[in-house]
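Q: One structure is given below, represented as structure tokens, and several questions about it will come after.
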Amino acid sequence: MIESHQFGQSSAGKQFSAPTPLPPLVRFVIAAVWTIAVFLGSGIVYGIFPPSSLLPGVLFRLIACVLTAAGFAFFLRVLDYNSDPLSFALGLPFDVTARRQWATGLVLGALLMSADVIFIACFGSLRLHFHLTGQVFLRALAVGVLLLFGALMEELSFRGYPFQKLTEAFGAFWAVFALSALFGAVHLWNPDSQGFLSWGFFNTLGVGLLFAIARIRTGSLWFSFGLHFSWNFFQGVVFGLPVSGMQEFNTLVVGSTRGPLALTGGAYGPEASATCTIILVIALPLLWRLISARNIQHRPPRTIGI
């Protein structure tokens, strides 16, 4: 006998029912295939505009965010038979708690990246060159939008619906480990990546772990989204350093570092340094304390726990 989910009644009083959802692992695979297809399809915009323009990057991330969220919303309704409000089901509810989580994530991301850069300045050398013109300011705004949608795209992809399904299939521990490792591996395609046996890979994995814990402990994507965006924004725009090997985000400020590769991260940026590892080791217990029930309101998810 096939188990069913009842979700309505006809005028005659008979209940309609939906079949049992597909296994969580199957839904994870479907979501993963959709995410990859969106990423590859949205990348077409890069061939339309000049390489020096920021517009392709902004459009790519915006289109990818919309398509990713739309696909996951469809899966929630059609594959999961989830009748919750879509914003809540996607992990992005709009309420006071969300605003507080977003703001706390922004502050923490700024503090962590600032601490990393200060560490580099104290034990090596850091130079900041400022370029304050109207045109540069507009470009900085465009970079901010690009980083905003880039952070949201990655949070939806790595800590959103696929993360929920993998957690249902194997538990939170293995979902966190697998998707954090995948998060690190994806960044190996970035410029000046130094391979699997590098500070860059393990630190990016650690950053993914940080974001995943924020996702689980707060019950939504807002904290990890704010933390992710602020981490990248301060690294690239405020301090003018490479963000995971990408140099195009240094607009108002162009930063340069000198010192051992383990201290500065070289052309890949601070994320490929041992100093970043130290910051992440400090950040994990700090994050745990910040998102305790006493400090920031939780919204415990129905299917994720740790």
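Ordering of the structure tokens sets the chain letters (A, B, ...); residue numbers start at 1 within each chain; ligands are numbered from 1 in the order shown.
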Mind checking DSSP for segment 23-259 of chain A and telling me the strand (DSSP E or B) residues as a ChimeraX atom specification?
A: /A:125-130,243,246,253-258
Q: As a VMD selection string, please: the residues near segment 23-25 of chain A (cut-off 8 Å, only C-alpha atoms, same-chain neighbours under 5 positions excluded).
A: chain A and resid 165 to 166 168 to 169
Q: Include C-alpha atoms and write out the residues we just selected as a PDB file, in the first residue's frame.
A:
ATOM      1  CA  LYS A 165      17.558  17.380   1.397  1.00  0.00           C
ATOM      2  CA  LEU A 166      21.053  16.055   2.096  1.00  0.00           C
ATOM      3  CA  GLU A 168      17.204  14.624   5.590  1.00  0.00           C
ATOM      4  CA  ALA A 169      19.053  11.836   3.791  1.00  0.00           C
TER       5      ALA A 169
END
Q: Using only C-alpha atoms, which protein or nucleic acid residues come within 12 Å of Ser53 of chain A? Drop anything in the same chain fewer than 4 positions from it, and give the result as a PyMOL selection string.
A: chain A and resi 45-49+57-59+139+142-143+146+248
Q: Would you put the residues from that selection into a file with C-alpha atoms, as a PDB file, in the first residue's frame?
A:
ATOM      1  CA  VAL A  45      25.648  36.557 -20.332  1.00  0.00           C
ATOM      2  CA  TYR A  46      29.455  36.766 -20.187  1.00  0.00           C
ATOM      3  CA  GLY A  47      29.639  36.406 -23.959  1.00  0.00           C
ATOM      4  CA  ILE A  48      27.282  39.319 -24.612  1.00  0.00           C
ATOM      5  CA  PHE A  49      29.199  42.196 -22.997  1.00  0.00           C
ATOM      6  CA  GLY A  57      28.945  39.555 -13.487  1.00  0.00           C
ATOM      7  CA  VAL A  58      25.986  41.399 -11.976  1.00  0.00           C
ATOM      8  CA  LEU A  59      23.500  39.935 -14.478  1.00  0.00           C
ATOM      9  CA  ARG A 139      31.824  51.039  -9.972  1.00  0.00           C
ATOM     10  CA  ALA A 142      28.120  47.846  -8.870  1.00  0.00           C
ATOM     11  CA  VAL A 143      30.679  45.615  -7.174  1.00  0.00           C
ATOM     12  CA  LEU A 146      27.560  41.861  -7.571  1.00  0.00           C
ATOM     13  CA  GLU A 248      38.062  42.925  -9.981  1.00  0.00           C
TER      14      GLU A 248
END
Q: Within 8 Å of segment 191-197 of chain A, counting only C-alpha atoms, which residues show up once you throw out same-chain ones fewer than 2 positions away? Write them as an MDAnalysis selection string, please.
A: chainID A and resid 185 187:189 199:202 244:246 267:268
Q: If we count only C-alpha atoms and set the cut-off at 6 Å, which residues sit around Phe223 of chain A, ignoring sequence neighbours fewer than 6 positions away in its own chain? Please answer as a list in words.
A: Gln101, Trp102 and Gly105 of chain A
Q: Hey, what's within 9 Å of Phe88 of chain A if we count only C-alpha atoms and toss same-chain stuff fewer than 5 positions away? As a PyMOL selection string, please?
A: chain A and resi 93-94+220
Q: Could you name the residues that touch Cys122 of chain A at 12 Å or less, counting only C-alpha atoms, but leaving out those on the same chain fewer than 5 positions away, as a list in words?
A: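 That gives Ala115, Asp116, Val117, Arg127, Thr257, Arg258, Gly259, Leu263, Thr264 and Thr275 of chain A.
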Q: Counting only C-alpha atoms, which residues of segment 111-169 of chain A sit at most 9 Å from some atom of segment 62-67 of chain A, and what is each one's closest atom pair with its distance in Å to one decimal, listed by chain and rising residue number, as CSV?
A:
residue,atom,partner,partner_atom,distance
A:Leu146,CA,A:Leu62,CA,8.0
A:Phe149,CA,A:Leu62,CA,5.9
A:Gly150,CA,A:Leu62,CA,7.9
A:Leu152,CA,A:Cys65,CA,6.9
A:Met153,CA,A:Cys65,CA,4.9
A:Glu154,CA,A:Cys65,CA,8.6
A:Leu156,CA,A:Cys65,CA,7.8
